[in-house]
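Student: Could you have a look at this structure, given as structure tokens, before my questions?
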Amino acid sequence: SNKRYTIFRKIMSSSGPSNEPSSREYIRQSTRRVVIKAGTSIIANPDGHVSLTRLGAIIEQISSLTARGVQVILVSSGAVGMGRKLMHRQEMMHLSFMDLRRSGRDENIAENTGRGMTRSTSGIDLSSATDAELKKTFDSACSAAGQLDLMSLYSNLFGQYDVSASQILLTQTDFHNENSLRNLQYTVERLLDLGIVPIINENDAVSATMGGIFSDNDGLASLCARHFSADFLLLLTDVRGVYDKPPTQAGAKKFSFYSNDHPGVEIGNKSSQGRGGMGAKIEAARDAVAPGASCFGCIVACGANLNIIRSVLDAEYDPKLGVAGTLFAQPGSDIEALAVAEQANEAGTSTEEMSNS
């Protein structure tokens, strides 16, 4: 857009000293609407309980953005994990003492596939279902059970900063149907115009057995960025960015910028809680910044960093925080030109330091 080009020209013509990287300055000045995705590994601890520390930090920083006039769409996981605890508690309450004695159940709730839930009074026979099918249906029920608690938590936490939030549950079909998509876009626009933060999640209660489900909400966040006219996408995960190989391996190198012609990386195992992985995040980031999209950039970064949103989007640049994560830029865009120039400068500085050592 003309406004982004004006910002780009201003940054390029600036001759004064600045500690702020030019790509970060461009992101800060050009972002008026951002999609922030917080995955399961960020919302919840390994034991399945909500991480109030990380979630509280995310909500505080989102509230700061809204106070500055930046519109925020939050794509959140976490309902399935919260629902598992509720489902397990209810199941235990419905078992008789003798049932408990016979079953000897003392299993971790995260490992529950729903095999014990097949005795249904609804007329639906799940006795012949495979473990994979049972897990899908069980997770669907967990999601439905956990949505109320999750949104209640969000409402209470956002309320501490006088920010209102709303809930939207979506499936891929909603983006493929023209009428549904148009209604969605109208709804999101109205909410954002009123300063309300839409909290979007996949409607697992109906989508788990439909096929083509989103990959831990990465694909959902990418679709939201493209169809809801976002300027920027921030994918929060459990690693510091994109590495050339799994970060647990010796010598793994993090990329500050992932170019469009990048040959690819060695993908490790996904987190124990989410169903996505780094491959899904790379695909989602590239889709979000595809040519012609309103979204000019995406950063994949670690949500365990309690200042992660601040480091990328805060009005004041803090050199102590730096700019975390890995940047994806729209091909041929101004932000790509700035990122390439920064990368060249970093390579030149490193070469000079090596020659002087």
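We name chains A, B, ... following the order of the structure tokens; residues begin at 1 in each chain, and ligands are numbered from 1 as shown.
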If we count only C-alpha atoms, what is near A:Ala38 at a cut-off of 12 Å, once residues fewer than 2 positions away on the same chain are taken out, given as a ChimeraX atom specification?

Tutor: /A:35-36,40-44,51,54-55,57-59,62,73-78,199-201,216-218,220-221,233-238,274,281,300-304,308-309

Student: I want to know what sits within 12 Å of A:Asn2, based on only C-alpha atoms, with residues of the same chain fewer than 4 positions away left out; could you give that as a PyMOL selection string?

Tutor: chain A and resi 6-9+30+334

Student: For A:Ala290, list every protein, DNA or RNA residue within 9 Å, evaluated using only C-alpha atoms, and leave out those in the same chain fewer than 5 positions away; present the list as a tab-separated table (two decimals) with all heavy atoms, in the first residue's frame.

Tutor:
```tsv
chain	number	residue	atom	x	y	z
A	226	ARG	N	-5.04	-14.04	6.30
A	226	ARG	CA	-5.32	-13.74	4.89
A	226	ARG	C	-6.74	-13.21	4.69
A	226	ARG	O	-6.95	-12.25	3.95
A	226	ARG	CB	-5.12	-15.00	4.02
A	226	ARG	CG	-3.69	-15.49	3.99
A	226	ARG	CD	-3.37	-16.24	2.69
A	226	ARG	NE	-4.38	-17.22	2.32
A	226	ARG	CZ	-4.32	-18.50	2.65
A	226	ARG	NH1	-3.34	-18.94	3.40
A	226	ARG	NH2	-5.26	-19.34	2.26
A	285	ALA	N	3.20	-20.02	7.79
A	285	ALA	CA	3.83	-18.71	7.63
A	285	ALA	C	3.95	-18.34	6.15
A	285	ALA	O	3.66	-17.21	5.75
A	285	ALA	CB	5.20	-18.71	8.29
A	295	CYS	N	-1.21	-9.63	4.43
A	295	CYS	CA	-0.22	-9.90	5.47
A	295	CYS	C	1.19	-9.83	4.87
A	295	CYS	O	1.56	-10.66	4.04
A	295	CYS	CB	-0.47	-11.29	6.06
A	295	CYS	SG	0.56	-11.71	7.46
A	296	PHE	N	1.97	-8.82	5.27
A	296	PHE	CA	3.29	-8.63	4.69
A	296	PHE	C	4.38	-9.44	5.38
A	296	PHE	O	5.46	-9.64	4.84
A	296	PHE	CB	3.68	-7.15	4.70
A	296	PHE	CG	3.84	-6.55	6.07
A	296	PHE	CD1	5.00	-6.75	6.82
A	296	PHE	CD2	2.83	-5.77	6.62
A	296	PHE	CE1	5.15	-6.19	8.08
A	296	PHE	CE2	2.97	-5.20	7.88
A	296	PHE	CZ	4.14	-5.43	8.62
A	329	ALA	N	8.85	-13.08	5.14
A	329	ALA	CA	8.42	-11.85	4.48
A	329	ALA	C	7.74	-12.16	3.16
A	329	ALA	O	8.08	-13.14	2.48
A	329	ALA	CB	9.61	-10.92	4.24
A	330	GLN	N	6.78	-11.32	2.80
A	330	GLN	CA	6.10	-11.48	1.52
A	330	GLN	C	7.10	-11.28	0.38
A	330	GLN	O	7.85	-10.30	0.38
A	330	GLN	CB	4.96	-10.48	1.40
A	330	GLN	CG	4.04	-10.71	0.23
A	330	GLN	CD	2.83	-9.78	0.27
A	330	GLN	OE1	2.93	-8.63	-0.16
A	330	GLN	NE2	1.71	-10.27	0.79
A	331	PRO	N	7.16	-12.20	-0.57
A	331	PRO	CA	8.11	-12.08	-1.68
A	331	PRO	C	7.95	-10.76	-2.44
A	331	PRO	O	6.84	-10.36	-2.79
A	331	PRO	CB	7.77	-13.28	-2.58
A	331	PRO	CG	7.12	-14.27	-1.66
A	331	PRO	CD	6.36	-13.44	-0.66
```

Student: What lies within 12 Å of A:Ile335 using only C-alpha atoms, ignoring chain neighbours under 3 positions off, as an mmCIF file with N, CA, C and O atoms, in the first residue's frame?

Tutor:
```
data_model
loop_
_atom_site.group_PDB
_atom_site.id
_atom_site.type_symbol
_atom_site.label_atom_id
_atom_site.label_comp_id
_atom_site.auth_asym_id
_atom_site.auth_seq_id
_atom_site.Cartn_x
_atom_site.Cartn_y
_atom_site.Cartn_z
ATOM 1 N N ARG A 4 2.504 1.906 3.457
ATOM 2 C CA ARG A 4 3.666 1.065 3.741
ATOM 3 C C ARG A 4 4.882 1.536 2.953
ATOM 4 O O ARG A 4 6.008 1.534 3.468
ATOM 5 N N TYR A 5 4.661 1.934 1.706
ATOM 6 C CA TYR A 5 5.789 2.408 0.889
ATOM 7 C C TYR A 5 6.371 3.689 1.475
ATOM 8 O O TYR A 5 7.592 3.881 1.474
ATOM 9 N N ILE A 7 6.397 4.493 4.625
ATOM 10 C CA ILE A 7 7.172 4.074 5.794
ATOM 11 C C ILE A 7 8.520 3.507 5.355
ATOM 12 O O ILE A 7 9.573 3.814 5.944
ATOM 13 N N PHE A 8 8.497 2.696 4.300
ATOM 14 C CA PHE A 8 9.726 2.095 3.784
ATOM 15 C C PHE A 8 10.705 3.175 3.331
ATOM 16 O O PHE A 8 11.899 3.128 3.663
ATOM 17 N N ARG A 9 10.219 4.150 2.573
ATOM 18 C CA ARG A 9 11.094 5.228 2.086
ATOM 19 C C ARG A 9 11.656 6.046 3.245
ATOM 20 O O ARG A 9 12.813 6.460 3.224
ATOM 21 N N ILE A 11 12.266 4.955 6.282
ATOM 22 C CA ILE A 11 13.290 4.159 6.950
ATOM 23 C C ILE A 11 14.575 4.151 6.126
ATOM 24 O O ILE A 11 15.685 4.297 6.667
ATOM 25 N N MET A 12 14.461 4.001 4.819
ATOM 26 C CA MET A 12 15.627 3.930 3.945
ATOM 27 C C MET A 12 16.380 5.251 3.896
ATOM 28 O O MET A 12 17.608 5.276 3.740
ATOM 29 N N PRO A 21 16.450 -2.409 14.633
ATOM 30 C CA PRO A 21 16.578 -2.956 13.280
ATOM 31 C C PRO A 21 15.505 -2.377 12.364
ATOM 32 O O PRO A 21 14.363 -2.176 12.777
ATOM 33 N N SER A 22 15.882 -2.113 11.120
ATOM 34 C CA SER A 22 14.945 -1.472 10.194
ATOM 35 C C SER A 22 13.714 -2.336 9.935
ATOM 36 O O SER A 22 12.607 -1.815 9.776
ATOM 37 N N SER A 23 13.880 -3.665 9.905
ATOM 38 C CA SER A 23 12.723 -4.530 9.682
ATOM 39 C C SER A 23 11.749 -4.444 10.848
ATOM 40 O O SER A 23 10.535 -4.449 10.660
ATOM 41 N N ARG A 24 12.289 -4.321 12.058
ATOM 42 C CA ARG A 24 11.432 -4.197 13.242
ATOM 43 C C ARG A 24 10.705 -2.863 13.225
ATOM 44 O O ARG A 24 9.522 -2.782 13.578
ATOM 45 N N GLU A 25 11.379 -1.812 12.816
ATOM 46 C CA GLU A 25 10.754 -0.493 12.723
ATOM 47 C C GLU A 25 9.617 -0.518 11.697
ATOM 48 O O GLU A 25 8.548 0.059 11.921
ATOM 49 N N TYR A 26 9.851 -1.222 10.594
ATOM 50 C CA TYR A 26 8.813 -1.328 9.567
ATOM 51 C C TYR A 26 7.601 -2.090 10.099
ATOM 52 O O TYR A 26 6.454 -1.671 9.892
ATOM 53 N N ILE A 27 7.842 -3.202 10.787
ATOM 54 C CA ILE A 27 6.750 -3.995 11.358
ATOM 55 C C ILE A 27 5.954 -3.152 12.346
ATOM 56 O O ILE A 27 4.715 -3.129 12.325
ATOM 57 N N ARG A 28 6.657 -2.451 13.213
ATOM 58 C CA ARG A 28 6.000 -1.638 14.249
ATOM 59 C C ARG A 28 5.124 -0.550 13.629
ATOM 60 O O ARG A 28 3.999 -0.316 14.078
ATOM 61 N N GLN A 29 5.623 0.117 12.614
ATOM 62 C CA GLN A 29 4.888 1.241 12.039
ATOM 63 C C GLN A 29 3.791 0.804 11.061
ATOM 64 O O GLN A 29 2.819 1.533 10.865
ATOM 65 N N SER A 30 3.949 -0.380 10.472
ATOM 66 C CA SER A 30 3.008 -0.801 9.426
ATOM 67 C C SER A 30 1.883 -1.690 9.932
ATOM 68 O O SER A 30 0.916 -1.934 9.212
ATOM 69 N N THR A 31 2.017 -2.197 11.146
ATOM 70 C CA THR A 31 1.025 -3.147 11.656
ATOM 71 C C THR A 31 -0.118 -2.425 12.362
ATOM 72 O O THR A 31 0.078 -1.810 13.413
ATOM 73 N N ASP A 231 -2.280 -7.353 8.857
ATOM 74 C CA ASP A 231 -1.002 -6.879 8.337
ATOM 75 C C ASP A 231 0.138 -7.818 8.717
ATOM 76 O O ASP A 231 1.135 -7.924 7.983
ATOM 77 N N PHE A 232 -0.026 -8.479 9.860
ATOM 78 C CA PHE A 232 1.091 -9.263 10.385
ATOM 79 C C PHE A 232 0.561 -10.471 11.145
ATOM 80 O O PHE A 232 -0.547 -10.444 11.697
ATOM 81 N N PHE A 257 15.951 -14.803 9.557
ATOM 82 C CA PHE A 257 15.109 -14.534 8.382
ATOM 83 C C PHE A 257 15.042 -15.799 7.533
ATOM 84 O O PHE A 257 16.060 -16.411 7.221
ATOM 85 N N SER A 259 14.061 -16.951 4.030
ATOM 86 C CA SER A 259 13.773 -16.399 2.714
ATOM 87 C C SER A 259 12.813 -17.289 1.936
ATOM 88 O O SER A 259 12.651 -18.485 2.228
ATOM 89 N N VAL A 289 1.930 -15.111 4.007
ATOM 90 C CA VAL A 289 2.612 -13.997 3.331
ATOM 91 C C VAL A 289 2.723 -14.222 1.829
ATOM 92 O O VAL A 289 3.554 -13.596 1.161
ATOM 93 N N CYS A 295 -1.215 -9.629 4.425
ATOM 94 C CA CYS A 295 -0.217 -9.903 5.468
ATOM 95 C C CYS A 295 1.188 -9.826 4.867
ATOM 96 O O CYS A 295 1.560 -10.655 4.042
ATOM 97 N N PHE A 296 1.965 -8.824 5.275
ATOM 98 C CA PHE A 296 3.294 -8.631 4.691
ATOM 99 C C PHE A 296 4.378 -9.439 5.384
ATOM 100 O O PHE A 296 5.463 -9.643 4.837
ATOM 101 N N GLY A 297 4.113 -9.901 6.623
ATOM 102 C CA GLY A 297 5.153 -10.615 7.343
ATOM 103 C C GLY A 297 4.608 -11.507 8.434
ATOM 104 O O GLY A 297 3.469 -11.360 8.888
ATOM 105 N N CYS A 298 5.458 -12.449 8.842
ATOM 106 C CA CYS A 298 5.102 -13.383 9.917
ATOM 107 C C CYS A 298 6.366 -13.698 10.703
ATOM 108 O O CYS A 298 7.451 -13.821 10.120
ATOM 109 N N LEU A 327 11.762 -14.424 10.966
ATOM 110 C CA LEU A 327 10.885 -13.607 10.133
ATOM 111 C C LEU A 327 10.644 -14.262 8.775
ATOM 112 O O LEU A 327 11.582 -14.720 8.117
ATOM 113 N N PHE A 328 9.376 -14.288 8.354
ATOM 114 C CA PHE A 328 8.971 -14.658 7.000
ATOM 115 C C PHE A 328 8.422 -13.384 6.358
ATOM 116 O O PHE A 328 7.587 -12.696 6.969
ATOM 117 N N ALA A 329 8.854 -13.078 5.140
ATOM 118 C CA ALA A 329 8.416 -11.847 4.485
ATOM 119 C C ALA A 329 7.740 -12.158 3.159
ATOM 120 O O ALA A 329 8.079 -13.139 2.479
ATOM 121 N N GLN A 330 6.779 -11.316 2.799
ATOM 122 C CA GLN A 330 6.096 -11.480 1.520
ATOM 123 C C GLN A 330 7.096 -11.278 0.384
ATOM 124 O O GLN A 330 7.845 -10.296 0.379
ATOM 125 N N PRO A 331 7.156 -12.205 -0.574
ATOM 126 C CA PRO A 331 8.111 -12.081 -1.680
ATOM 127 C C PRO A 331 7.951 -10.763 -2.439
ATOM 128 O O PRO A 331 6.841 -10.358 -2.785
ATOM 129 N N GLY A 332 9.075 -10.088 -2.652
ATOM 130 C CA GLY A 332 9.064 -8.833 -3.391
ATOM 131 C C GLY A 332 8.593 -7.632 -2.610
ATOM 132 O O GLY A 332 8.423 -6.543 -3.175
ATOM 133 N N LEU A 338 14.289 -5.074 3.353
ATOM 134 C CA LEU A 338 14.941 -4.669 4.596
ATOM 135 C C LEU A 338 15.580 -5.871 5.288
ATOM 136 O O LEU A 338 16.700 -5.776 5.811
ATOM 137 N N ALA A 339 14.886 -7.003 5.297
ATOM 138 C CA ALA A 339 15.403 -8.201 5.957
ATOM 139 C C ALA A 339 16.641 -8.734 5.242
ATOM 140 O O ALA A 339 17.610 -9.154 5.882
ATOM 141 N N VAL A 340 16.632 -8.714 3.912
ATOM 142 C CA VAL A 340 17.785 -9.173 3.135
ATOM 143 C C VAL A 340 18.987 -8.276 3.399
ATOM 144 O O VAL A 340 20.120 -8.758 3.561
ATOM 145 N N ALA A 341 18.757 -6.958 3.461
ATOM 146 C CA ALA A 341 19.845 -6.022 3.742
ATOM 147 C C ALA A 341 20.423 -6.250 5.133
ATOM 148 O O ALA A 341 21.650 -6.220 5.330
ATOM 149 N N GLU A 342 19.565 -6.483 6.110
ATOM 150 C CA GLU A 342 20.034 -6.766 7.471
ATOM 151 C C GLU A 342 20.844 -8.042 7.518
ATOM 152 O O GLU A 342 21.882 -8.116 8.186
#
```

Student: Select from stretch 222-302 of chain A every residue with an atom at most 10 Å from any atom of stretch 170-179 of chain A, then for each give the shortest pair of atoms and their distance in Å to one decimal, using only C-alpha atoms, rows by chain and rising number, as a tab-separated table.

Tutor:
```
residue	atom	partner	partner_atom	distance
A:Leu223	CA	A:Phe175	CA	7.9
A:Cys224	CA	A:Phe175	CA	9.1
A:His227	CA	A:Phe175	CA	8.3
```

Student: Per DSSP on the backbone, filter stretch 128-351 of chain A down to the residues in strand (DSSP E or B) and report them as a ChimeraX atom specification.

Tutor: /A:165-170,197-202,232-237,243,254,257-258,297-302,326-329

Student: List the spatial neighbours of A:Leu150 as an MDAnalysis selection string - criterion: any atom at most 9 Å away, only C-alpha atoms, same-chain residues fewer than 4 positions off excluded.

Tutor: chainID A and resid 78:79 82:83 146 154:155

Student: I need the residue nearest A:Gly241 from this list: A:Leu192, A:Ala280, A:Ile299, A:Val323. Use only C-alpha atoms for the distance.

Tutor: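 Among the listed residues, the smallest separation from A:Gly241 belongs to A:Ile299.
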
Student: With a distance cut-off of 8 Å and only C-alpha atoms, select the neighbouring residues of A:Asn307, excluding the residue or stretch itself and same-chain residues fewer than 3 positions from it, and output the selection as a list in words.

Tutor: Ala57, Gln61, Arg310, Ser311 and Leu321 of chain A

Student: Quote the spacing between atom CA of A:Asn345 and atom CA of A:Glu20 in Å to one decimal place.

Tutor: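 Interatomic distance, atom CA of A:Asn345 to atom CA of A:Glu20: 14.1 Å.
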
Student: Please measure the separation of atom CA of A:Arg32 and atom CA of A:Val70, giving the value in Å to one decimal.

Tutor: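 Computing it gives 4.9 Å between the two atoms.
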